[in-house]
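For reference, target_21.txt (compact mmCIF, C-alpha atoms):
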```txt
# COMPACT_ATOMS: atom_id res chain seq x y z
CA MET A 1 -16.72 -77.27 -38.84
CA LEU A 2 -16.20 -75.22 -35.71
CA GLY A 3 -13.38 -73.42 -37.41
CA THR A 4 -15.53 -72.57 -40.46
CA GLN A 5 -18.41 -71.28 -38.36
CA ALA A 6 -16.05 -69.14 -36.32
CA ALA A 7 -14.55 -67.64 -39.44
CA GLU A 8 -17.99 -66.66 -40.76
CA ARG A 9 -18.97 -64.79 -37.61
CA PRO A 10 -18.83 -60.96 -37.87
CA PRO A 11 -16.08 -59.33 -35.76
CA MET A 12 -17.07 -58.47 -32.24
CA PRO A 13 -17.18 -54.70 -31.48
CA ALA A 14 -14.40 -53.39 -29.28
CA PRO A 15 -15.35 -53.19 -25.63
CA THR A 16 -16.40 -49.73 -24.35
CA PRO A 17 -13.71 -48.28 -22.12
CA ALA A 18 -14.52 -48.07 -18.48
CA PRO A 19 -15.58 -44.56 -17.39
CA SER A 20 -12.25 -44.05 -15.64
CA ALA A 21 -10.39 -44.72 -18.89
CA LEU A 22 -12.25 -42.04 -20.88
CA PRO A 23 -10.39 -38.75 -21.36
CA ALA A 24 -11.62 -36.05 -19.00
CA ARG A 25 -13.73 -33.39 -20.67
CA ARG A 26 -12.78 -29.77 -19.93
CA ARG A 27 -15.34 -28.01 -17.83
CA ALA A 28 -16.93 -25.04 -19.57
CA GLY A 29 -16.33 -21.55 -18.20
CA ARG A 30 -13.38 -19.93 -16.47
CA PRO A 31 -10.87 -22.05 -14.58
CA THR A 32 -11.59 -22.34 -10.87
CA ALA A 33 -8.03 -21.43 -9.88
CA ALA A 34 -7.17 -17.74 -10.02
CA ILE A 35 -4.51 -16.76 -12.51
CA LEU A 36 -2.14 -14.26 -10.95
CA ASP A 37 -0.22 -11.54 -12.73
CA GLN A 38 1.07 -8.12 -11.77
CA ASP A 39 -1.88 -6.26 -13.29
CA GLY A 40 -4.36 -8.34 -11.33
CA ILE A 41 -2.42 -7.91 -8.10
CA THR A 42 -2.22 -4.15 -8.64
CA THR A 43 -5.95 -3.83 -9.34
CA ALA A 44 -6.85 -5.88 -6.29
CA ALA A 45 -4.52 -3.83 -4.09
CA LEU A 46 -6.06 -0.56 -5.28
CA GLU A 47 -9.58 -1.87 -4.61
CA LEU A 48 -8.56 -3.06 -1.17
CA ILE A 49 -7.06 0.31 -0.25
CA SER A 50 -10.11 2.16 -1.61
CA ASN A 51 -12.45 0.05 0.50
CA LYS A 52 -10.44 -0.40 3.69
CA GLY A 53 -7.69 2.21 3.59
CA TYR A 54 -3.97 1.66 3.51
CA ASP A 55 -3.98 -0.24 6.82
CA GLY A 56 -6.35 -2.74 5.24
CA LEU A 57 -3.71 -3.71 2.67
CA THR A 58 -2.03 -6.80 4.05
CA MET A 59 -0.65 -9.74 2.15
CA ALA A 60 -3.25 -12.02 3.74
CA ALA A 61 -6.13 -9.70 2.83
CA LEU A 62 -4.78 -9.27 -0.69
CA ALA A 63 -4.53 -13.03 -1.16
CA ARG A 64 -8.13 -13.45 0.04
CA SER A 65 -9.38 -10.78 -2.34
CA LEU A 66 -7.64 -12.58 -5.20
CA GLY A 67 -9.00 -15.95 -4.13
CA VAL A 68 -5.60 -17.54 -3.72
CA ALA A 69 -3.44 -18.82 -0.91
CA PRO A 70 -0.80 -16.40 0.43
CA SER A 71 1.89 -18.77 -0.81
CA ALA A 72 0.65 -18.28 -4.38
CA LEU A 73 0.79 -14.51 -3.96
CA TYR A 74 4.37 -14.69 -2.70
CA ASN A 75 5.35 -16.36 -5.95
CA HIS A 76 4.77 -12.99 -7.64
CA VAL A 77 5.57 -10.38 -5.00
CA ALA A 78 8.00 -10.81 -2.13
CA SER A 79 6.42 -8.35 0.28
CA LYS A 80 3.92 -5.55 0.80
CA ASP A 81 6.62 -3.13 -0.35
CA ASP A 82 6.69 -4.89 -3.71
CA VAL A 83 2.92 -4.47 -3.97
CA LEU A 84 3.27 -0.76 -3.23
CA LEU A 85 5.86 -0.43 -5.98
CA LEU A 86 3.36 -1.94 -8.42
CA VAL A 87 0.70 0.50 -7.24
CA GLU A 88 3.10 3.44 -7.42
CA ASP A 89 4.09 2.53 -10.97
CA HIS A 90 0.48 2.01 -12.00
CA LEU A 91 -0.51 5.50 -10.85
CA ALA A 92 2.62 7.16 -12.24
CA ALA A 93 1.92 5.67 -15.65
CA MET A 94 -1.47 7.43 -15.64
CA VAL A 95 0.07 10.88 -15.17
CA ASP A 96 0.39 12.80 -18.43
CA VAL A 97 3.97 13.90 -19.17
CA SER A 98 3.56 13.92 -22.94
CA ALA A 99 3.86 17.71 -23.25
CA PHE A 100 7.45 17.85 -22.00
CA GLY A 101 9.78 18.29 -24.93
CA VAL A 102 6.84 19.11 -27.21
CA GLU A 103 5.07 22.14 -25.77
CA PRO A 104 6.50 25.19 -23.98
CA TRP A 105 7.78 24.52 -20.46
CA ASP A 106 4.93 26.27 -18.65
CA ALA A 107 2.28 24.45 -20.69
CA ALA A 108 3.99 21.11 -20.03
CA VAL A 109 4.16 21.74 -16.28
CA ARG A 110 0.52 22.81 -16.30
CA ARG A 111 -0.65 19.64 -18.07
CA TRP A 112 1.50 17.41 -15.85
CA ALA A 113 0.28 19.02 -12.63
CA TRP A 114 -3.42 18.91 -13.53
CA SER A 115 -3.13 15.29 -14.59
CA TYR A 116 -1.16 14.42 -11.45
CA ARG A 117 -3.80 16.00 -9.24
CA ASP A 118 -6.67 14.26 -11.02
CA VAL A 119 -5.02 10.83 -10.76
CA PHE A 120 -4.38 11.11 -7.04
CA SER A 121 -7.71 12.71 -6.22
CA GLU A 122 -9.11 9.26 -7.03
CA HIS A 123 -6.66 7.57 -4.66
CA THR A 124 -6.23 9.91 -1.69
CA PRO A 125 -5.67 7.06 0.86
CA LEU A 126 -2.41 6.34 -0.97
CA ILE A 127 -1.02 9.88 -0.85
CA PRO A 128 0.68 9.57 2.58
CA VAL A 129 2.33 6.36 1.39
CA ILE A 130 3.28 7.28 -2.18
CA ALA A 131 4.56 10.71 -1.16
CA VAL A 132 7.38 9.13 0.87
CA LEU A 133 7.85 5.88 -1.04
CA PRO A 134 11.33 5.44 -2.58
CA VAL A 135 11.33 5.32 -6.36
CA ALA A 136 14.04 2.66 -6.63
CA ASN A 137 13.08 -0.22 -8.94
CA ALA A 138 9.86 1.50 -10.05
CA PRO A 139 10.40 1.86 -13.82
CA LYS A 140 7.23 3.78 -14.72
CA THR A 141 7.64 6.19 -11.82
CA LEU A 142 11.25 6.82 -12.80
CA ALA A 143 10.17 7.35 -16.41
CA MET A 144 7.76 10.06 -15.26
CA TYR A 145 10.47 11.83 -13.26
CA GLU A 146 12.91 11.51 -16.15
CA ALA A 147 10.49 13.25 -18.51
CA VAL A 148 9.78 16.06 -16.06
CA THR A 149 13.46 16.52 -15.16
CA ALA A 150 14.48 16.64 -18.81
CA GLY A 151 11.75 19.19 -19.46
CA PHE A 152 13.02 21.44 -16.67
CA ARG A 153 16.63 21.08 -17.78
CA ASP A 154 15.89 21.75 -21.44
CA ALA A 155 13.95 24.88 -20.44
CA GLY A 156 17.06 26.33 -18.82
CA PHE A 157 16.16 25.57 -15.23
CA PRO A 158 19.16 25.46 -12.84
CA GLU A 159 19.99 21.78 -12.49
CA GLU A 160 20.69 22.02 -8.75
CA LYS A 161 17.12 23.29 -8.18
CA ILE A 162 15.19 20.91 -10.44
CA ILE A 163 14.41 18.24 -7.84
CA SER A 164 13.47 20.82 -5.21
CA ALA A 165 11.07 22.42 -7.68
CA ILE A 166 9.50 19.05 -8.50
CA VAL A 167 9.09 18.25 -4.79
CA ALA A 168 7.47 21.64 -4.19
CA LEU A 169 5.05 21.08 -7.06
CA GLU A 170 4.24 17.57 -5.85
CA ALA A 171 3.52 18.83 -2.33
CA PHE A 172 1.04 21.30 -3.81
CA VAL A 173 -0.48 18.64 -6.08
CA PHE A 174 -1.00 16.14 -3.26
CA GLY A 175 -2.66 18.73 -1.05
CA ALA A 176 -4.89 19.81 -3.92
CA ALA A 177 -5.88 16.18 -4.55
CA TYR A 178 -7.31 16.05 -1.03
CA ASP A 179 -9.16 19.32 -1.67
CA VAL A 180 -11.01 17.72 -4.60
CA THR A 181 -12.75 15.35 -2.18
CA ALA A 182 -13.47 17.94 0.53
CA PRO A 183 -17.12 18.77 1.32
CA GLU A 184 -18.51 21.90 -0.32
CA ASP A 185 -19.29 23.51 3.04
CA ILE A 186 -15.82 22.95 4.47
CA PHE A 187 -15.38 26.69 5.15
CA ASP A 188 -18.80 27.26 6.69
CA ALA A 189 -18.09 28.88 10.06
CA GLY A 190 -21.48 27.85 11.41
CA ASN A 191 -22.61 29.63 14.59
CA LEU A 192 -19.26 31.43 14.79
CA ALA A 193 -19.65 33.29 11.49
CA GLU A 194 -20.11 36.68 13.19
CA GLN A 195 -16.82 36.26 15.05
CA VAL A 196 -14.88 35.90 11.79
CA PRO A 197 -16.48 38.53 9.52
CA ASN A 198 -13.60 38.85 7.05
CA PHE A 199 -13.34 35.12 6.54
CA THR A 200 -17.11 34.74 6.25
CA ALA A 201 -17.36 37.55 3.69
CA ALA A 202 -14.62 35.98 1.57
CA VAL A 203 -16.33 32.58 1.71
CA ASP A 204 -19.65 34.16 0.72
CA ARG A 205 -17.97 35.95 -2.15
CA LEU A 206 -16.52 32.70 -3.40
CA ALA A 207 -19.97 31.11 -3.25
CA LEU A 208 -21.38 33.89 -5.45
CA GLU A 209 -18.84 33.23 -8.19
CA ARG A 210 -19.14 29.48 -8.63
CA HIS A 211 -18.79 29.47 -12.38
CA ALA A 212 -16.16 26.76 -11.79
CA ARG A 213 -15.47 24.32 -8.99
CA PRO A 214 -13.83 26.16 -6.08
CA THR A 215 -11.22 23.43 -5.85
CA ASP A 216 -10.28 23.97 -9.51
CA VAL A 217 -10.12 27.74 -9.04
CA ALA A 218 -7.82 27.33 -6.03
CA PHE A 219 -5.62 24.82 -7.82
CA SER A 220 -5.29 26.99 -10.90
CA LEU A 221 -4.43 30.04 -8.80
CA GLY A 222 -1.73 28.23 -6.83
CA LEU A 223 -0.30 26.42 -9.83
CA GLU A 224 0.00 29.58 -11.90
CA ALA A 225 1.79 31.28 -9.02
CA LEU A 226 4.25 28.40 -8.79
CA ILE A 227 4.83 28.33 -12.54
CA THR A 228 5.46 32.08 -12.57
CA GLY A 229 7.81 31.89 -9.62
CA PHE A 230 9.77 28.94 -10.94
CA GLY A 231 9.82 30.42 -14.42
CA ALA A 232 11.76 33.38 -13.09
CA LEU A 233 14.60 31.01 -12.20
CA ARG A 234 15.08 29.82 -15.78
CA GLY A 235 18.25 30.83 -17.53
```

Could you rewrite the structure in this file as structure tokens?
Amino acid sequence: MLGTQAAERPPMPAPTPAPSALPARRRAGRPTAAILDQDGITTAALELISNKGYDGLTMAALARSLGVAPSALYNHVASKDDVLLLVEDHLAAMVDVSAFGVEPWDAAVRRWAWSYRDVFSEHTPLIPVIAVLPVANAPKTLAMYEAVTAGFRDAGFPEEKIISAIVALEAFVFGAAYDVTAPEDIFDAGNLAEQVPNFTAAVDRLALERHARPTDVAFSLGLEALITGFGALRG
């Protein structure tokens, strides 16, 4: 009888797993741990330099801005120099060299120089660093120089003078990038205006003809002079 009654009973439901045995449910939203990659490191480095200057870029500060431990950062970049190479490449990739090999040499140089100036006018704290930073192992930077060098060579420029010409143009571009951020009254002589009448008259004349930004007028004037001078060296 006991056996018959037991057989007629409905099966017992399976016991509910203890809370610890249930599979963990994924928390909605972004993961709490920062995901590092070279683009993120580069962006954070640029923001850090913009806010605190080049001296504010340290590996510890960069790790804090990314929300990671320094050890995690070192898994992607070995040193501050590696970070600077990423930054250098990032900025170089923004410079327009597309006209070389397509448009006439002077037009290509003009487009490259204006683009170069505009890129670095947004990142002037980096100019003293980038201007003297070696280009070794910076693929995008080297690609920019390759395009410009090929453009000069194909235009009949003496090969032994190509790099010197590029350096001269870069020196002008970097200085002009600073000029973009200069105050409009930078040449105001103040109370000493009467002691420098020629300078004051020239500044006043410039102010009367502000159909374009003075910094753009100055850059165009200097760039055209350089293009004309270098163009005379072409074979």

* Neighbours of Ala207 in chain A within 12 Å (all atoms listed in the file; same-chain residues fewer than 3 positions away dropped), as a ChimeraX atom specification? -> /A:184-188,200-204,210-215,217

* To do: Find the residue from A:Ala92, A:Val132, A:Ser98, A:Gln38 that sits nearest to Asn75 in chain A; use only C-alpha atoms when measuring.
  => A:Gln38

* State, in Å with one decimal place, the distance from CA of Ala150 in chain A to CA of Trp105 in chain A. =>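 Interatomic distance here is 10.5 Å.
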
* Please measure the separation of CA of Phe174 in chain A and CA of Val77 in chain A, giving the value in Å to one decimal. =>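 CA of Val77 in chain A lies 27.4 Å from CA of Phe174 in chain A.
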
* Nearest residue to Ala78 in chain A from the set A:Met59, A:Leu48, A:Ala93, A:Val102 (distances using all atoms listed in the file) -> A:Met59

* Nearest to Ser71 in chain A: which of A:Ile166, A:Leu208, A:Ala193, A:Leu36 is it, counting only C-alpha atoms? ->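 For Ser71 in chain A, the nearest of the given residues is A:Leu36.
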
* CA of Val173 in chain A and CA of Pro134 in chain A, how far apart in Å? -> 18.1 Å

* Go through A:Asp154, A:Glu103, A:Asp179, A:Asp37 and flag the residue nearest Leu86 in chain A, using all atoms listed in the file for the distances. =>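 So, comparing all the options, the nearest one is A:Asp37.
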
* Asked: Leaving out Ile127 in chain A and any residue of its chain fewer than 4 positions from it, which residues lie within 12 Å of it when counting only C-alpha atoms, given as number ranges by chain?
  -> A: 49-50, 53-54, 84, 87-88, 91, 116-117, 119-123, 131-133, 170-178

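Comparing A:Asp55, A:Pro183, A:Leu169, A:Ser115 by their smallest distance to Pro128 in chain A, the closest is A:Asp55 (using all atoms listed in the file).
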
* Asked: In terms of the shortest atom-to-atom distance over all atoms listed in the file, which of A:Met94, A:Leu62, A:Leu233, A:Leu223 is closest to Arg110 in chain A?
  -> A:Leu223

* Long-range neighbours of Ala232 in chain A as a ChimeraX atom specification, 12 Å cut-off, only C-alpha atoms, 3 positions minimum in chain -> /A:106,155-158,225-229,235
